[in-house]
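model_33.cif (mmCIF, C-alpha atoms)
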data_target
loop_
_atom_site.group_PDB
_atom_site.id
_atom_site.type_symbol
_atom_site.label_atom_id
_atom_site.label_comp_id
_atom_site.auth_asym_id
_atom_site.auth_seq_id
_atom_site.Cartn_x
_atom_site.Cartn_y
_atom_site.Cartn_z
ATOM 1 C CA MET D 261 23.401 12.454 -106.008
ATOM 2 C CA VAL D 262 25.843 9.786 -104.909
ATOM 3 C CA LYS D 263 26.565 10.080 -101.220
ATOM 4 C CA HIS D 264 30.251 10.205 -100.457
ATOM 5 C CA SER D 265 31.557 9.785 -96.928
ATOM 6 C CA VAL D 266 33.946 12.376 -95.565
ATOM 7 C CA GLU D 267 36.823 9.869 -95.821
ATOM 8 C CA GLU D 268 36.027 9.273 -99.495
ATOM 9 C CA MET D 269 35.932 13.014 -100.086
ATOM 10 C CA GLN D 270 39.309 13.418 -98.363
ATOM 11 C CA LYS D 271 40.716 10.918 -100.856
ATOM 12 C CA HIS D 272 39.210 12.957 -103.682
ATOM 13 C CA VAL D 273 40.723 16.128 -102.233
ATOM 14 C CA ARG D 274 44.124 14.476 -102.196
ATOM 15 C CA SER D 275 43.786 13.612 -105.884
ATOM 16 C CA TYR D 276 42.696 17.209 -106.650
ATOM 17 C CA ILE D 277 45.866 18.552 -105.030
ATOM 18 C CA LEU D 278 48.020 16.035 -106.918
ATOM 19 C CA VAL D 279 46.382 16.909 -110.236
ATOM 20 C CA PHE D 280 46.888 20.621 -109.472
ATOM 21 C CA LEU D 281 50.613 20.025 -108.947
ATOM 22 C CA ALA D 282 50.815 17.921 -112.103
ATOM 23 C CA LEU D 283 49.095 20.681 -114.075
ATOM 24 C CA MET D 284 51.527 23.287 -112.756
ATOM 25 C CA VAL D 285 54.495 21.127 -113.729
ATOM 26 C CA LEU D 286 53.006 20.450 -117.174
ATOM 27 C CA THR D 287 52.415 24.182 -117.689
ATOM 28 C CA ILE D 288 56.092 24.831 -116.997
ATOM 29 C CA VAL D 289 56.970 21.974 -119.374
ATOM 30 C CA THR D 290 54.701 23.486 -122.052
ATOM 31 C CA VAL D 291 56.465 26.831 -121.854
ATOM 32 C CA ALA D 292 59.936 25.262 -121.613
ATOM 33 C CA VAL D 293 59.378 23.021 -124.643
ATOM 34 C CA SER D 294 58.291 26.054 -126.681
ATOM 35 C CA PHE D 295 61.848 27.343 -126.470
ATOM 36 C CA LEU D 296 63.146 24.268 -128.296
ATOM 37 C CA GLU D 297 64.056 25.128 -131.861
ATOM 38 C CA PHE D 298 63.064 22.487 -134.341
ATOM 39 C CA GLU D 299 64.801 22.219 -137.693
ATOM 40 C CA GLY D 300 63.365 22.122 -141.156
ATOM 41 C CA ARG D 301 60.185 22.862 -143.035
ATOM 42 C CA LEU D 302 58.065 20.978 -140.531
ATOM 43 C CA ALA D 303 59.451 22.954 -137.572
ATOM 44 C CA VAL D 304 56.139 24.691 -136.846
ATOM 45 C CA ALA D 305 54.168 21.462 -137.308
ATOM 46 C CA ILE D 306 56.419 19.598 -134.858
ATOM 47 C CA GLY D 307 56.198 22.440 -132.350
ATOM 48 C CA VAL D 308 52.407 22.532 -132.580
ATOM 49 C CA THR D 309 52.189 18.725 -132.246
ATOM 50 C CA VAL D 310 54.342 18.670 -129.118
ATOM 51 C CA ALA D 311 52.349 21.545 -127.590
ATOM 52 C CA LEU D 312 49.082 19.767 -128.372
ATOM 53 C CA ILE D 313 50.256 16.444 -126.913
ATOM 54 C CA ILE D 314 51.058 18.180 -123.616
ATOM 55 C CA ALA D 315 47.714 20.027 -123.801
ATOM 56 C CA VAL D 316 45.891 16.711 -124.298
ATOM 57 C CA ILE D 317 47.635 15.258 -121.225
ATOM 58 C CA LYS D 318 46.624 18.314 -119.162
ATOM 59 C CA SER D 319 43.049 18.240 -120.383
ATOM 60 C CA SER D 320 42.760 14.485 -119.706
ATOM 61 C CA LEU D 321 43.683 15.198 -116.083
ATOM 62 C CA VAL D 322 41.144 18.016 -115.823
ATOM 63 C CA VAL D 323 38.369 16.046 -117.522
ATOM 64 C CA SER D 324 38.857 12.778 -115.669
ATOM 65 C CA ILE D 325 39.563 14.083 -112.154
ATOM 66 C CA PHE D 326 38.082 17.580 -111.843
ATOM 67 C CA MET D 327 35.051 16.878 -114.011
ATOM 68 C CA HIS D 328 34.686 13.381 -112.487
ATOM 69 C CA LEU D 329 34.428 11.824 -115.917
ATOM 70 C CA ILE D 330 36.494 8.881 -114.712
ATOM 71 C CA SER D 331 33.558 7.748 -112.561
ATOM 72 C CA GLU D 332 30.745 8.931 -114.809
ATOM 73 C CA LYS D 333 27.817 7.030 -116.298
ATOM 74 C CA LYS D 334 27.979 5.443 -119.770
ATOM 75 C CA LEU D 335 25.504 7.908 -121.318
ATOM 76 C CA ILE D 336 27.925 10.807 -120.832
ATOM 77 C CA PHE D 337 30.651 8.873 -122.651
ATOM 78 C CA ILE D 338 28.271 8.204 -125.534
ATOM 79 C CA ILE D 339 27.438 11.919 -125.805
ATOM 80 C CA LEU D 340 31.112 12.874 -125.652
ATOM 81 C CA GLY D 341 31.938 10.139 -128.158
ATOM 82 C CA PHE D 342 29.571 11.736 -130.658
ATOM 83 C CA ALA D 343 31.095 15.149 -129.960
ATOM 84 C CA ALA D 344 34.611 13.746 -130.433
ATOM 85 C CA VAL D 345 33.748 12.150 -133.784
ATOM 86 C CA PHE D 346 32.131 15.293 -135.132
ATOM 87 C CA PHE D 347 34.949 17.444 -133.749
ATOM 88 C CA ALA D 348 37.538 15.255 -135.486
ATOM 89 C CA GLY D 349 35.571 15.527 -138.702
ATOM 90 C CA MET D 350 35.295 19.281 -138.380
ATOM 91 C CA ILE D 351 39.055 19.578 -138.075
ATOM 92 C CA ALA D 352 39.973 16.925 -140.632
ATOM 93 C CA LEU D 353 37.560 17.680 -143.478
ATOM 94 C CA PRO D 354 38.646 21.302 -144.109
ATOM 95 C CA LEU D 355 42.274 20.174 -143.831
ATOM 96 C CA LEU D 356 41.653 17.609 -146.572
ATOM 97 C CA THR D 357 40.786 20.486 -148.907
ATOM 98 C CA GLU D 358 44.397 21.607 -148.525
ATOM 99 C CA SER D 359 45.965 18.156 -148.611
ATOM 100 C CA ASP D 360 46.847 18.233 -152.278
ATOM 101 C CA GLN D 361 48.917 21.369 -151.668
ATOM 102 C CA VAL D 362 50.835 20.093 -148.663
ATOM 103 C CA LYS D 363 54.052 19.382 -150.586
ATOM 104 C CA THR D 364 54.098 22.649 -152.513
ATOM 105 C CA GLU D 365 55.086 26.089 -151.358
ATOM 106 C CA GLN D 366 51.696 27.492 -152.377
ATOM 107 C CA SER D 367 48.766 26.442 -150.282
ATOM 108 C CA LEU D 368 46.074 28.354 -152.151
ATOM 109 C CA PRO D 369 45.714 28.242 -155.961
ATOM 110 C CA ASN D 370 45.773 32.007 -156.509
ATOM 111 C CA PHE D 371 47.135 33.113 -153.183
ATOM 112 C CA GLU D 372 49.598 35.584 -154.693
ATOM 113 C CA VAL D 373 46.763 37.363 -156.469
ATOM 114 C CA SER D 374 44.242 37.175 -153.617
ATOM 115 C CA THR D 375 46.662 38.218 -150.882
ATOM 116 C CA ALA D 376 47.990 41.076 -153.002
ATOM 117 C CA LYS D 377 44.449 42.376 -153.516
ATOM 118 C CA GLU D 378 43.267 41.935 -149.924
ATOM 119 C CA ASN D 379 46.492 42.824 -148.256
ATOM 120 C CA PRO D 380 48.373 45.377 -150.338
ATOM 121 C CA HIS D 381 50.468 46.553 -147.420
ATOM 122 C CA ASN D 382 51.296 42.983 -146.412
ATOM 123 C CA VAL D 383 50.155 43.458 -142.828
ATOM 124 C CA HIS D 384 50.350 40.223 -140.824
ATOM 125 C CA MET O 199 4.869 21.000 -108.518
ATOM 126 C CA GLU O 200 8.514 20.183 -107.953
ATOM 127 C CA ILE O 201 10.829 19.549 -110.866
ATOM 128 C CA PRO O 202 11.797 15.883 -110.482
ATOM 129 C CA TYR O 203 15.294 14.425 -110.678
ATOM 130 C CA THR O 204 17.135 17.510 -109.449
ATOM 131 C CA VAL O 205 18.778 15.226 -106.914
ATOM 132 C CA GLU O 206 17.612 11.654 -107.514
ATOM 133 C CA HIS O 207 18.904 9.916 -110.606
ATOM 134 C CA ARG O 208 16.529 9.099 -113.452
ATOM 135 C CA LYS O 209 16.309 5.372 -114.034
ATOM 136 C CA ASP O 210 16.871 5.620 -117.778
ATOM 137 C CA THR O 211 19.891 7.955 -117.764
ATOM 138 C CA GLY O 212 21.335 7.053 -114.369
ATOM 139 C CA LEU O 213 21.918 10.767 -113.762
ATOM 140 C CA PHE O 214 20.203 13.759 -112.246
ATOM 141 C CA ASN O 215 18.859 16.093 -114.942
ATOM 142 C CA ALA O 216 21.322 18.942 -114.646
ATOM 143 C CA LYS O 217 24.318 16.688 -115.061
ATOM 144 C CA LEU O 218 23.049 15.353 -118.375
ATOM 145 C CA GLY O 219 22.123 18.886 -119.338
ATOM 146 C CA ILE O 220 25.531 20.381 -118.678
ATOM 147 C CA TRP O 221 27.382 17.621 -120.538
ATOM 148 C CA LEU O 222 25.085 18.049 -123.543
ATOM 149 C CA PHE O 223 25.736 21.772 -123.405
ATOM 150 C CA LEU O 224 29.486 21.182 -123.200
ATOM 151 C CA ALA O 225 29.311 18.874 -126.225
ATOM 152 C CA SER O 226 27.841 21.793 -128.152
ATOM 153 C CA GLU O 227 30.525 24.125 -126.789
ATOM 154 C CA VAL O 228 33.172 21.674 -128.023
ATOM 155 C CA MET O 229 31.724 22.142 -131.509
ATOM 156 C CA LEU O 230 31.684 25.931 -131.099
ATOM 157 C CA PHE O 231 35.308 26.238 -130.056
ATOM 158 C CA GLY O 232 36.265 23.385 -132.356
ATOM 159 C CA ALA O 233 34.880 25.309 -135.307
ATOM 160 C CA LEU O 234 37.042 28.289 -134.374
ATOM 161 C CA PHE O 235 40.098 26.090 -133.917
ATOM 162 C CA SER O 236 39.406 24.535 -137.303
ATOM 163 C CA SER O 237 39.221 28.032 -138.795
ATOM 164 C CA TYR O 238 42.494 28.916 -137.096
ATOM 165 C CA ILE O 239 44.193 25.864 -138.593
ATOM 166 C CA LEU O 240 42.863 26.555 -142.067
ATOM 167 C CA LEU O 241 43.770 30.244 -141.920
ATOM 168 C CA ARG O 242 47.246 29.532 -140.652
ATOM 169 C CA ILE O 243 48.192 26.872 -143.179
ATOM 170 C CA GLY O 244 46.746 28.957 -145.994
ATOM 171 C CA ALA O 245 48.539 32.136 -145.041
ATOM 172 C CA PRO O 246 51.712 33.204 -146.865
ATOM 173 C CA SER O 247 53.185 34.057 -143.491
ATOM 174 C CA TRP O 248 52.128 33.858 -139.837
ATOM 175 C CA PRO O 249 53.864 35.379 -136.830
ATOM 176 C CA GLN O 250 55.301 33.303 -134.016
ATOM 177 C CA GLY O 251 53.057 33.769 -130.998
ATOM 178 C CA ALA O 252 55.977 34.684 -128.760
ATOM 179 C CA ASP O 253 56.887 37.582 -131.083
ATOM 180 C CA VAL O 254 53.521 39.326 -130.870
ATOM 181 C CA LEU O 255 51.942 38.131 -127.623
ATOM 182 C CA ASN O 256 53.108 38.361 -124.024
ATOM 183 C CA VAL O 257 54.114 34.824 -123.030
ATOM 184 C CA PRO O 258 54.700 35.601 -119.314
ATOM 185 C CA LEU O 259 51.203 37.130 -119.044
ATOM 186 C CA GLY O 260 49.722 34.184 -120.924
ATOM 187 C CA THR O 261 51.514 31.771 -118.592
ATOM 188 C CA LEU O 262 50.253 33.741 -115.593
ATOM 189 C CA ASN O 263 46.699 33.495 -116.938
ATOM 190 C CA THR O 264 47.132 29.746 -117.421
ATOM 191 C CA ILE O 265 48.246 29.376 -113.797
ATOM 192 C CA ILE O 266 45.345 31.586 -112.652
ATOM 193 C CA LEU O 267 42.737 29.515 -114.488
ATOM 194 C CA ILE O 268 44.155 26.151 -113.413
ATOM 195 C CA THR O 269 44.155 27.354 -109.787
ATOM 196 C CA SER O 270 40.576 28.575 -110.195
ATOM 197 C CA SER O 271 39.635 25.085 -111.408
ATOM 198 C CA VAL O 272 41.104 23.604 -108.225
ATOM 199 C CA THR O 273 39.301 26.099 -105.982
ATOM 200 C CA MET O 274 36.054 25.385 -107.880
ATOM 201 C CA VAL O 275 36.277 21.630 -107.327
ATOM 202 C CA MET O 276 37.267 22.229 -103.694
ATOM 203 C CA ALA O 277 34.145 24.408 -103.312
ATOM 204 C CA TRP O 278 32.058 21.392 -104.358
ATOM 205 C CA ALA O 279 34.085 18.962 -102.211
ATOM 206 C CA SER O 280 33.582 21.237 -99.191
ATOM 207 C CA LEU O 281 29.808 21.065 -99.686
ATOM 208 C CA MET O 282 30.005 17.285 -99.961
ATOM 209 C CA MET O 283 31.707 17.352 -96.546
ATOM 210 C CA HIS O 284 29.010 19.768 -95.284
ATOM 211 C CA ASP O 285 31.488 22.570 -94.650
ATOM 212 C CA PHE O 286 29.611 25.615 -95.976
ATOM 213 C CA LYS O 287 32.158 28.121 -94.660
ATOM 214 C CA LYS O 288 34.991 26.449 -96.567
ATOM 215 C CA HIS O 289 32.780 26.158 -99.643
ATOM 216 C CA LYS O 290 32.141 29.927 -99.552
ATOM 217 C CA LEU O 291 35.865 30.643 -99.256
ATOM 218 C CA TYR O 292 36.743 28.417 -102.191
ATOM 219 C CA LEU O 293 33.908 29.771 -104.354
ATOM 220 C CA TRP O 294 35.017 33.343 -103.633
ATOM 221 C CA ALA O 295 38.567 32.335 -104.503
ATOM 222 C CA THR O 296 37.303 30.986 -107.836
ATOM 223 C CA PHE O 297 35.433 34.219 -108.512
ATOM 224 C CA LEU O 298 38.430 36.391 -107.646
ATOM 225 C CA LEU O 299 40.839 34.293 -109.721
ATOM 226 C CA ALA O 300 38.443 34.582 -112.658
ATOM 227 C CA SER O 301 38.430 38.369 -112.309
ATOM 228 C CA CYS O 302 42.244 38.339 -112.154
ATOM 229 C CA PHE O 303 42.224 36.448 -115.453
ATOM 230 C CA LEU O 304 40.015 39.143 -116.978
ATOM 231 C CA VAL O 305 42.200 41.940 -115.598
ATOM 232 C CA VAL O 306 45.312 40.380 -117.170
ATOM 233 C CA LYS O 307 43.431 39.916 -120.442
ATOM 234 C CA GLY O 308 42.339 43.539 -120.174
ATOM 235 C CA PHE O 309 45.953 44.635 -119.933
ATOM 236 C CA GLU O 310 46.871 42.492 -122.937
ATOM 237 C CA TYR O 311 44.014 43.826 -125.053
ATOM 238 C CA GLY O 312 44.625 47.375 -123.837
ATOM 239 C CA ALA O 313 48.260 47.238 -124.847
ATOM 240 C CA LYS O 314 47.302 45.997 -128.300
ATOM 241 C CA PHE O 315 44.570 48.629 -128.735
ATOM 242 C CA SER O 316 46.917 51.419 -127.717
ATOM 243 C CA HIS O 317 49.227 50.328 -130.531
ATOM 244 C CA GLY O 318 46.319 50.453 -132.968
ATOM 245 C CA ILE O 319 46.073 46.668 -133.254
ATOM 246 C CA PHE O 320 42.476 45.566 -133.690
ATOM 247 C CA PRO O 321 40.730 42.501 -135.119
ATOM 248 C CA ALA O 322 40.631 44.181 -138.521
ATOM 249 C CA THR O 323 44.403 44.687 -138.513
ATOM 250 C CA SER O 324 45.181 41.259 -139.968
ATOM 251 C CA THR O 325 43.944 37.699 -140.256
ATOM 252 C CA TYR O 326 46.204 36.685 -137.369
ATOM 253 C CA TYR O 327 44.696 39.285 -135.051
ATOM 254 C CA ALA O 328 41.177 38.587 -136.278
ATOM 255 C CA ILE O 329 41.375 34.949 -135.187
ATOM 256 C CA TYR O 330 43.357 35.843 -132.048
ATOM 257 C CA TYR O 331 40.745 38.333 -130.818
ATOM 258 C CA THR O 332 37.878 36.015 -131.815
ATOM 259 C CA LEU O 333 39.267 32.986 -129.993
ATOM 260 C CA THR O 334 40.343 34.820 -126.852
ATOM 261 C CA GLY O 335 37.306 37.121 -126.913
ATOM 262 C CA LEU O 336 34.820 34.254 -127.067
ATOM 263 C CA HIS O 337 36.739 32.514 -124.300
ATOM 264 C CA GLY O 338 36.666 35.730 -122.256
ATOM 265 C CA ILE O 339 32.892 35.974 -122.704
ATOM 266 C CA HIS O 340 32.648 32.426 -121.368
ATOM 267 C CA VAL O 341 34.695 33.461 -118.333
ATOM 268 C CA ILE O 342 32.347 36.413 -117.749
ATOM 269 C CA CYS O 343 29.246 34.210 -118.019
ATOM 270 C CA GLY O 344 30.778 31.722 -115.577
ATOM 271 C CA MET O 345 31.470 34.584 -113.183
ATOM 272 C CA ILE O 346 27.845 35.738 -113.405
ATOM 273 C CA VAL O 347 26.568 32.286 -112.436
ATOM 274 C CA ILE O 348 29.193 31.876 -109.690
ATOM 275 C CA GLY O 349 28.282 35.362 -108.448
ATOM 276 C CA TYR O 350 24.617 34.351 -108.241
ATOM 277 C CA LEU O 351 25.529 31.198 -106.294
ATOM 278 C CA LEU O 352 27.657 33.302 -103.949
ATOM 279 C CA GLY O 353 24.807 35.762 -103.434
ATOM 280 C CA PRO O 354 21.081 35.098 -103.578
ATOM 281 C CA GLY O 355 21.570 31.537 -104.852
ATOM 282 C CA ALA O 356 23.358 30.485 -101.675
ATOM 283 C CA LYS O 357 20.082 30.524 -99.744
ATOM 284 C CA MET O 358 19.240 27.151 -101.262
ATOM 285 C CA TRP O 359 21.881 25.523 -99.038
ATOM 286 C CA GLU O 360 19.544 26.005 -96.055
ATOM 287 C CA THR O 361 16.451 24.499 -97.674
ATOM 288 C CA LYS O 362 17.652 22.048 -100.337
ATOM 289 C CA SER O 363 21.298 21.338 -99.612
ATOM 290 C CA GLU O 364 21.705 18.399 -102.016
ATOM 291 C CA GLN O 365 20.241 20.310 -104.935
ATOM 292 C CA PHE O 366 22.497 23.260 -104.128
ATOM 293 C CA THR O 367 25.501 20.933 -104.042
ATOM 294 C CA ASN O 368 24.484 19.604 -107.446
ATOM 295 C CA ARG O 369 24.276 23.160 -108.780
ATOM 296 C CA ILE O 370 27.822 23.821 -107.595
ATOM 297 C CA GLU O 371 28.973 20.577 -109.208
ATOM 298 C CA ILE O 372 27.384 21.564 -112.523
ATOM 299 C CA VAL O 373 28.873 25.058 -112.512
ATOM 300 C CA GLY O 374 32.184 23.407 -111.707
ATOM 301 C CA VAL O 375 31.939 21.155 -114.774
ATOM 302 C CA TYR O 376 31.290 24.254 -116.940
ATOM 303 C CA TRP O 377 34.169 26.085 -115.293
ATOM 304 C CA HIS O 378 36.601 23.226 -115.909
ATOM 305 C CA PHE O 379 35.601 23.323 -119.567
ATOM 306 C CA VAL O 380 36.455 27.050 -119.713
ATOM 307 C CA ASP O 381 39.845 26.132 -118.226
ATOM 308 C CA LEU O 382 40.230 23.341 -120.788
ATOM 309 C CA VAL O 383 39.678 25.686 -123.714
ATOM 310 C CA TRP O 384 42.391 27.967 -122.359
ATOM 311 C CA ILE O 385 44.728 24.982 -121.903
ATOM 312 C CA PHE O 386 44.500 24.526 -125.673
ATOM 313 C CA LEU O 387 44.387 28.207 -126.588
ATOM 314 C CA PHE O 388 47.521 29.161 -124.665
ATOM 315 C CA PRO O 389 50.056 26.925 -126.412
ATOM 316 C CA VAL O 390 48.414 27.306 -129.824
ATOM 317 C CA LEU O 391 48.305 31.121 -129.742
ATOM 318 C CA TYR O 392 51.200 32.061 -127.485
ATOM 319 C CA LEU O 393 53.786 29.354 -127.948
ATOM 320 C CA THR O 394 53.672 28.319 -131.615
#

If you took the structure in this file and wrote it as structure tokens, what would it be?
Amino acid sequence: MVKHSVEEMQKHVRSYILVFLALMVLTIVTVAVSFLEFEGRLAVAIGVTVALIIAVIKSSLVVSIFMHLISEKKLIFIILGFAAVFFAGMIALPLLTESDQVKTEQSLPNFEVSTAKENPHNVH
Amino acid sequence: MEIPYTVEHRKDTGLFNAKLGIWLFLASEVMLFGALFSSYILLRIGAPSWPQGADVLNVPLGTLNTIILITSSVTMVMAWASLMMHDFKKHKLYLWATFLLASCFLVVKGFEYGAKFSHGIFPATSTYYAIYYTLTGLHGIHVICGMIVIGYLLGPGAKMWETKSEQFTNRIEIVGVYWHFVDLVWIFLFPVLYLT
């Protein structure tokens, strides 16, 4: 374990408090931004993107300062790099199966039929 | 025989064992929650319609839970920092605070679930609720498991501070890393489920 002096730890504590305040502010921002009404077909997509950008900022603060990743050894970054690549693939590859339907109203070939069968009372 | 490298760093990894272990575990947890997020995305874009989170979920309660978990992350890291400064009393206070905040999170979640159940809304009700209950339920189970480990370190596990203080400090650090991950998942879940 790396020995930290009390003065060093006090500096860390200061950064923890600052990050806490930043996270509180960003949480308020997240909720506030959700009240913005976006126009058009991509309204939901824009809303989700904005929410995710703020979430990424918040999680970067948590990961780098609270989880000490900012001062961590290279091996951890390599492990997380692998996880990030596979995570990106896991999100992107299924999405690519829908990519040819992005411009159309229908996103599944027989969705009218399948949803009518599975969901006759149209419960959502 | 003592397990080596519980405190000293291994020369090849540059870390003590548990730190490598927890990050490897978290990498697998990223895949677990990532798979569910991927399912959520696919289900949502393939659905003929999908409710706005704010119309079906309680945004104030979700915001409260977000604040609770973020605060619990701060108290968790302060519990470790207190040990690093050899202040066991402060550490205990902060660790208890973390535990209590985690239980508050579960109580709020319990109210949310209870309200839904009393209206006859269950995972089988619709695709939206299926993925909602799955995502938040799995996250809730992670909160419970974290509480069990924190509870152990508050109780019988705390004895290690007297005999092997550095190893105990490392244990708190590791639990903290797990706990921050639980907070991270919620930081993504909250806007995705409640605000979009």

- Query: Please, what distance in Å, to one decimal, runs between CA of Leu298 in chain O and CA of His340 in chain O?
  - Reply: 15.4 Å

- Message: On this structure, the PyMOL selection byres ((chain O) within 8 of (chain D)) would catch which residues? List them as a PyMOL selection string, sorted by chain and number.
- Response: chain O and resi 205-207+211-214+218+221-222+225-226+228-229+232-233+235-236+239-240+243-249+261+264-265+268-269+271-272+275-276+279+282-283+323-326+364+368+374-375+378+382+385-386+389-390+393-394

May I have the residues from that selection written out with C-alpha atoms, as a compact mmCIF listing (two decimals), in the frame of the given file?
# COMPACT_ATOMS: atom_id res chain seq x y z
CA VAL O 205 18.78 15.23 -106.91
CA GLU O 206 17.61 11.65 -107.51
CA HIS O 207 18.90 9.92 -110.61
CA THR O 211 19.89 7.96 -117.76
CA GLY O 212 21.34 7.05 -114.37
CA LEU O 213 21.92 10.77 -113.76
CA PHE O 214 20.20 13.76 -112.25
CA LEU O 218 23.05 15.35 -118.38
CA TRP O 221 27.38 17.62 -120.54
CA LEU O 222 25.08 18.05 -123.54
CA ALA O 225 29.31 18.87 -126.22
CA SER O 226 27.84 21.79 -128.15
CA VAL O 228 33.17 21.67 -128.02
CA MET O 229 31.72 22.14 -131.51
CA GLY O 232 36.26 23.38 -132.36
CA ALA O 233 34.88 25.31 -135.31
CA PHE O 235 40.10 26.09 -133.92
CA SER O 236 39.41 24.54 -137.30
CA ILE O 239 44.19 25.86 -138.59
CA LEU O 240 42.86 26.56 -142.07
CA ILE O 243 48.19 26.87 -143.18
CA GLY O 244 46.75 28.96 -145.99
CA ALA O 245 48.54 32.14 -145.04
CA PRO O 246 51.71 33.20 -146.86
CA SER O 247 53.18 34.06 -143.49
CA TRP O 248 52.13 33.86 -139.84
CA PRO O 249 53.86 35.38 -136.83
CA THR O 261 51.51 31.77 -118.59
CA THR O 264 47.13 29.75 -117.42
CA ILE O 265 48.25 29.38 -113.80
CA ILE O 268 44.16 26.15 -113.41
CA THR O 269 44.16 27.35 -109.79
CA SER O 271 39.64 25.08 -111.41
CA VAL O 272 41.10 23.60 -108.22
CA VAL O 275 36.28 21.63 -107.33
CA MET O 276 37.27 22.23 -103.69
CA ALA O 279 34.08 18.96 -102.21
CA MET O 282 30.00 17.28 -99.96
CA MET O 283 31.71 17.35 -96.55
CA THR O 323 44.40 44.69 -138.51
CA SER O 324 45.18 41.26 -139.97
CA THR O 325 43.94 37.70 -140.26
CA TYR O 326 46.20 36.68 -137.37
CA GLU O 364 21.70 18.40 -102.02
CA ASN O 368 24.48 19.60 -107.45
CA GLY O 374 32.18 23.41 -111.71
CA VAL O 375 31.94 21.16 -114.77
CA HIS O 378 36.60 23.23 -115.91
CA LEU O 382 40.23 23.34 -120.79
CA ILE O 385 44.73 24.98 -121.90
CA PHE O 386 44.50 24.53 -125.67
CA PRO O 389 50.06 26.92 -126.41
CA VAL O 390 48.41 27.31 -129.82
CA LEU O 393 53.79 29.35 -127.95
CA THR O 394 53.67 28.32 -131.62

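The coordinates place CA of Arg274 in chain D at 19.3 Å from CA of Phe286 in chain O.
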
Nearby residues (only C-alpha atoms) at most 8 Å from range 343-355 of chain O, same-chain spacing under 6 positions excluded, as a compact mmCIF listing (two decimals) with C-alpha atoms, in the frame of the given file:
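Final output, saved to part13.txt:
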# COMPACT_ATOMS: atom_id res chain seq x y z
CA LYS O 290 32.14 29.93 -99.55
CA LEU O 293 33.91 29.77 -104.35
CA TRP O 294 35.02 33.34 -103.63
CA PHE O 297 35.43 34.22 -108.51
CA ALA O 300 38.44 34.58 -112.66
CA SER O 301 38.43 38.37 -112.31
CA ILE O 370 27.82 23.82 -107.60
CA VAL O 373 28.87 25.06 -112.51
CA TYR O 376 31.29 24.25 -116.94
CA TRP O 377 34.17 26.08 -115.29

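In this model, the gap between CA of Thr296 in chain O and CA of Val383 in chain O comes to 16.9 Å.
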
Enclosing box along x, y and z for every listed atom of range 298-312 of chain D, padded 5 Å each side, centre and size in Å, one decimal, as JSON:
{"center_x": 56.9, "center_y": 21.7, "center_z": -135.3, "size_x": 25.7, "size_y": 16.0, "size_z": 25.4}

- Item | His289 in chain O surroundings by all atoms listed in the file, 9 Å radius, close-in-sequence under 6 positions cut, as an MDAnalysis selection string | chainID O and resid 274 276:281

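With all atoms listed in the file as the basis for measurement, D:Leu286 is the residue among D:Leu286, D:Leu302, D:Leu356, D:Val345 that approaches Leu321 in chain D most closely.
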
- With the file shown as input, list the residues that the PyMOL selection byres ((chain O and resi 201) around 12) selects, as a ChimeraX atom specification. /O:199-200,202-206,214-216,365
